[in-house]
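I have placed the structure first, in the form of structure tokens, so that the comments after it can refer back to it.
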Amino acid sequence: MTKESPDPNTIVWFHDRFVPLAEANVNILTHALHYGTGVFEGIRGYYGPVEGDLFLVRAFEHYQRWKKNCGIMRLDIPPTAAELVELTSELCRRNQFHTNVYVRPLAYKASRRIGVAADSNDAWAIVVIPFGDYFESCQGLRAGVVSWRRIEDDAIPGRAKICGAYVNSVLATDEARRAGHDEAIFLTESGHVAEGATCNLFMLRDGRLFTPSVTDNILEGITRASIMELARVELQIDVVERSISRSELFVCDELFFSGTAVEVASVTEVDNHPVGNGRVGPVTDCLRRLYCQATRGHIEKYRHWLTPVYENVCELAPA
Ligand SMILES: Cc1ncc(COP(=O)(O)O)c(C=O)c1O
């Protein structure tokens, strides 16, 4: 992961204009800062040196999800998903990015006053920054089930990527890291496995892949959908969406996380128990490679997931 602060001269989209990051600031009384009333997204772009192009991964689906999730918070984003993809491509071009990037769209309640009642004073921004690996190790992660439970849908909908909801992930990550783990695993209030702090979870048992269902308080990951498709179509593996019991984590053959930032990350240890033989499993490794190839444009069948930033240049009105 890129640990340094992004370059303040990076051009971002903020309040309907292209401005340098250094000028994209909010007021201390902003509603979202106090009450967490924002909705964000996370999109990756991979640079292909051979193609000389930067490919945004499933950007259209991410923007569709963002607009729907904003609706839950009554945040209005007027542009269509297709227009948002084009705006993001233009940001990459203006910054002349020829490297892997992370795109962070953020919509938020912008009123400057005290009081939780939200109004229709909405604002939104898109920031694109250079971005590397999320985890330092790709040799297998140590995960730990944390004492914090995953937020229930009838408290704060976890599927919506609401800013305030991420306190749940921050607390879980803090607990997991202090215990010496790389990533947290959340249980639901009913004791089933939900997901990681920032990623979905897959388990391999007896040749079948299992992942918690969308009613287990997970974020409905776009990478999760990609992995299910790759497993079914390319590896002919059964993928079952069902609740997972905590102790299944200790008896399964393979375990991995999926997510835009984490990509496909093997989990080789849970709560100090080895997963399977304690090494990166063959199915996980195969899916990681397939996902990597598909998102770099190396598999023609999945090219439709990608938006080439430099190939498709269309005119945008100057800001
Ligand atoms: C809590 C949580 N679960 C799962 C994911 C993975 O979702 P996606 O694959 O759409 O990035 C994320 C991504 O940010 C997340 O924050």
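Order determines the names: the first chain of the structure tokens is A, the second B, and so forth; residues in each chain are numbered 1 upward, and ligands are numbered 1 upward as they are shown.
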Q: Give as an MDAnalysis selection string the residues surrounding ligand 1 up to a distance of 7 Å, considering only C-alpha atoms and all ligand atoms.
A: chainID A and resid 42 161 169 195:200 218:224 258:261
Output of the above residues as a CSV table (one decimal), in the first residue's frame, restricted to all heavy atoms:
chain,number,residue,atom,x,y,z
A,42,GLY,N,-14.4,2.3,-3.8
A,42,GLY,CA,-12.9,2.0,-4.0
A,42,GLY,C,-12.8,1.3,-5.3
A,42,GLY,O,-13.4,0.2,-5.4
A,161,LYS,N,-21.3,0.9,2.3
A,161,LYS,CA,-20.0,1.7,2.3
A,161,LYS,C,-20.2,3.1,2.9
A,161,LYS,O,-19.8,4.1,2.3
A,161,LYS,CB,-19.4,1.7,0.9
A,161,LYS,CG,-18.5,0.4,0.6
A,161,LYS,CD,-17.8,0.5,-0.6
A,161,LYS,CE,-16.3,0.7,-0.5
A,161,LYS,NZ,-15.6,-0.4,0.3
A,169,SER,N,-14.9,-1.3,11.2
A,169,SER,CA,-13.7,-1.9,10.6
A,169,SER,C,-12.4,-1.4,11.2
A,169,SER,O,-11.4,-2.2,11.4
A,169,SER,CB,-13.6,-1.6,9.1
A,169,SER,OG,-14.7,-2.3,8.4
A,195,GLU,N,-17.2,-11.4,7.4
A,195,GLU,CA,-16.2,-11.0,6.4
A,195,GLU,C,-14.9,-10.5,7.1
A,195,GLU,O,-14.9,-10.4,8.3
A,195,GLU,CB,-16.7,-10.0,5.4
A,195,GLU,CG,-17.2,-8.7,6.0
A,195,GLU,CD,-17.8,-7.7,5.0
A,195,GLU,OE1,-17.5,-7.9,3.8
A,195,GLU,OE2,-18.5,-6.8,5.5
A,196,GLY,N,-13.9,-10.0,6.4
A,196,GLY,CA,-12.8,-9.3,6.9
A,196,GLY,C,-13.2,-7.9,7.2
A,196,GLY,O,-14.3,-7.4,6.9
A,197,ALA,N,-12.2,-7.1,7.8
A,197,ALA,CA,-12.5,-5.7,8.1
A,197,ALA,C,-12.7,-4.9,6.8
A,197,ALA,O,-13.5,-3.9,6.8
A,197,ALA,CB,-11.4,-5.1,8.9
A,198,THR,N,-12.1,-5.3,5.7
A,198,THR,CA,-12.1,-4.5,4.5
A,198,THR,C,-12.2,-5.5,3.2
A,198,THR,O,-11.9,-5.1,2.1
A,198,THR,CB,-10.8,-3.7,4.3
A,198,THR,OG1,-9.7,-4.6,4.3
A,198,THR,CG2,-10.6,-2.7,5.3
A,199,CYS,N,-12.8,-6.7,3.5
A,199,CYS,CA,-12.7,-7.6,2.4
A,199,CYS,C,-13.7,-8.8,2.6
A,199,CYS,O,-14.1,-9.0,3.8
A,199,CYS,CB,-11.3,-8.2,2.2
A,199,CYS,SG,-10.5,-8.6,3.8
A,200,ASN,N,-14.1,-9.5,1.6
A,200,ASN,CA,-15.0,-10.6,1.7
A,200,ASN,C,-14.1,-11.9,1.9
A,200,ASN,O,-12.9,-11.8,1.8
A,200,ASN,CB,-15.9,-10.8,0.5
A,200,ASN,CG,-16.8,-9.7,0.3
A,200,ASN,OD1,-16.8,-8.9,-0.7
A,200,ASN,ND2,-17.7,-9.5,1.2
A,218,ILE,N,-22.7,-8.7,5.1
A,218,ILE,CA,-21.4,-8.4,4.3
A,218,ILE,C,-21.6,-7.2,3.4
A,218,ILE,O,-22.7,-6.8,3.1
A,218,ILE,CB,-21.0,-9.6,3.5
A,218,ILE,CG1,-22.0,-9.9,2.3
A,218,ILE,CG2,-20.8,-10.8,4.3
A,218,ILE,CD1,-21.5,-10.8,1.3
A,219,LEU,N,-20.5,-6.7,2.9
A,219,LEU,CA,-20.5,-5.7,1.8
A,219,LEU,C,-20.5,-6.6,0.5
A,219,LEU,O,-19.7,-7.6,0.4
A,219,LEU,CB,-19.3,-4.8,1.8
A,219,LEU,CG,-19.3,-3.8,0.7
A,219,LEU,CD1,-19.2,-2.4,1.2
A,219,LEU,CD2,-18.3,-4.1,-0.4
A,220,GLU,N,-21.5,-6.3,-0.4
A,220,GLU,CA,-21.6,-7.2,-1.5
A,220,GLU,C,-20.5,-6.9,-2.5
A,220,GLU,O,-20.7,-6.1,-3.4
A,220,GLU,CB,-23.0,-7.0,-2.2
A,220,GLU,CG,-24.1,-7.5,-1.2
A,220,GLU,CD,-25.5,-7.1,-1.7
A,220,GLU,OE1,-25.8,-7.4,-2.9
A,220,GLU,OE2,-26.2,-6.5,-0.9
A,221,GLY,N,-19.4,-7.5,-2.3
A,221,GLY,CA,-18.1,-7.1,-3.0
A,221,GLY,C,-18.2,-7.4,-4.5
A,221,GLY,O,-18.7,-8.4,-5.0
A,222,ILE,N,-17.7,-6.5,-5.3
A,222,ILE,CA,-17.6,-6.7,-6.7
A,222,ILE,C,-16.5,-7.7,-7.0
A,222,ILE,O,-16.6,-8.5,-8.0
A,222,ILE,CB,-17.4,-5.3,-7.4
A,222,ILE,CG1,-18.7,-4.5,-7.3
A,222,ILE,CG2,-16.9,-5.4,-8.9
A,222,ILE,CD1,-18.7,-3.1,-7.6
A,223,THR,N,-15.4,-7.7,-6.2
A,223,THR,CA,-14.4,-8.7,-6.4
A,223,THR,C,-14.9,-10.1,-6.1
A,223,THR,O,-14.6,-11.1,-6.7
A,223,THR,CB,-13.2,-8.4,-5.5
A,223,THR,OG1,-12.9,-7.0,-5.5
A,223,THR,CG2,-11.9,-9.2,-5.9
A,224,ARG,N,-15.8,-10.1,-5.1
A,224,ARG,CA,-16.5,-11.4,-4.7
A,224,ARG,C,-17.2,-12.0,-5.9
A,224,ARG,O,-17.1,-13.1,-6.2
A,224,ARG,CB,-17.4,-11.1,-3.5
A,224,ARG,CG,-18.3,-12.2,-3.0
A,224,ARG,CD,-19.1,-11.7,-1.8
A,224,ARG,NE,-20.1,-12.7,-1.3
A,224,ARG,CZ,-21.3,-12.8,-1.8
A,224,ARG,NH1,-21.7,-12.1,-2.8
A,224,ARG,NH2,-22.1,-13.8,-1.3
A,258,SER,N,-11.1,-11.5,-0.4
A,258,SER,CA,-11.2,-10.9,-1.8
A,258,SER,C,-11.7,-9.5,-1.6
A,258,SER,O,-12.4,-9.2,-0.6
A,258,SER,CB,-12.2,-11.6,-2.7
A,258,SER,OG,-13.5,-11.4,-2.2
A,259,GLY,N,-11.2,-8.6,-2.4
A,259,GLY,CA,-11.6,-7.2,-2.3
A,259,GLY,C,-10.8,-6.4,-3.3
A,259,GLY,O,-9.7,-6.8,-3.8
A,260,THR,N,-11.3,-5.2,-3.6
A,260,THR,CA,-10.6,-4.3,-4.6
A,260,THR,C,-9.2,-4.0,-4.1
A,260,THR,O,-8.2,-4.2,-4.9
A,260,THR,CB,-11.4,-3.0,-4.8
A,260,THR,OG1,-12.7,-3.3,-5.3
A,260,THR,CG2,-10.7,-2.0,-5.6
A,261,ALA,N,-9.1,-3.6,-2.9
A,261,ALA,CA,-7.7,-3.3,-2.4
A,261,ALA,C,-6.9,-4.5,-2.1
A,261,ALA,O,-5.8,-4.6,-2.5
A,261,ALA,CB,-7.9,-2.4,-1.1
Q: For A:Glu248, work out the shell of residues within 10 Å, counting only C-alpha atoms and skipping chain neighbours fewer than 2 positions away, then give it as a VMD selection string.
A: chain A and resid 193 203 to 205 244 to 246 250 to 253
Q) Which residue out of A:Ile299, A:Val101, A:Ala110, A:Ala59 has the minimum interatomic distance to A:His31 when only C-alpha atoms are used? A)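 Between A:Ile299, A:Val101, A:Ala110, A:Ala59, the residue approaching A:His31 most closely is A:Ala110.
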Q: Would you list the contacts of A:Ala160 as a list in words, taking every protein, DNA or RNA residue within 9 Å and counting only C-alpha atoms, but skipping same-chain residues closer than 4 positions in sequence?
A: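 The filter keeps Val39, Phe40, Arg65, Trp66, Lys68, Asn69, Cys70, Ile72, Met73, Ile156, Ala165, Leu219 and Glu220 of chain A.
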Q. So which residues of stretch 76-248 of chain A fall under helix (DSSP H, G or I) by DSSP, listed as a ChimeraX atom specification?
A. /A:81-94,158-160,163-178,222-234,248
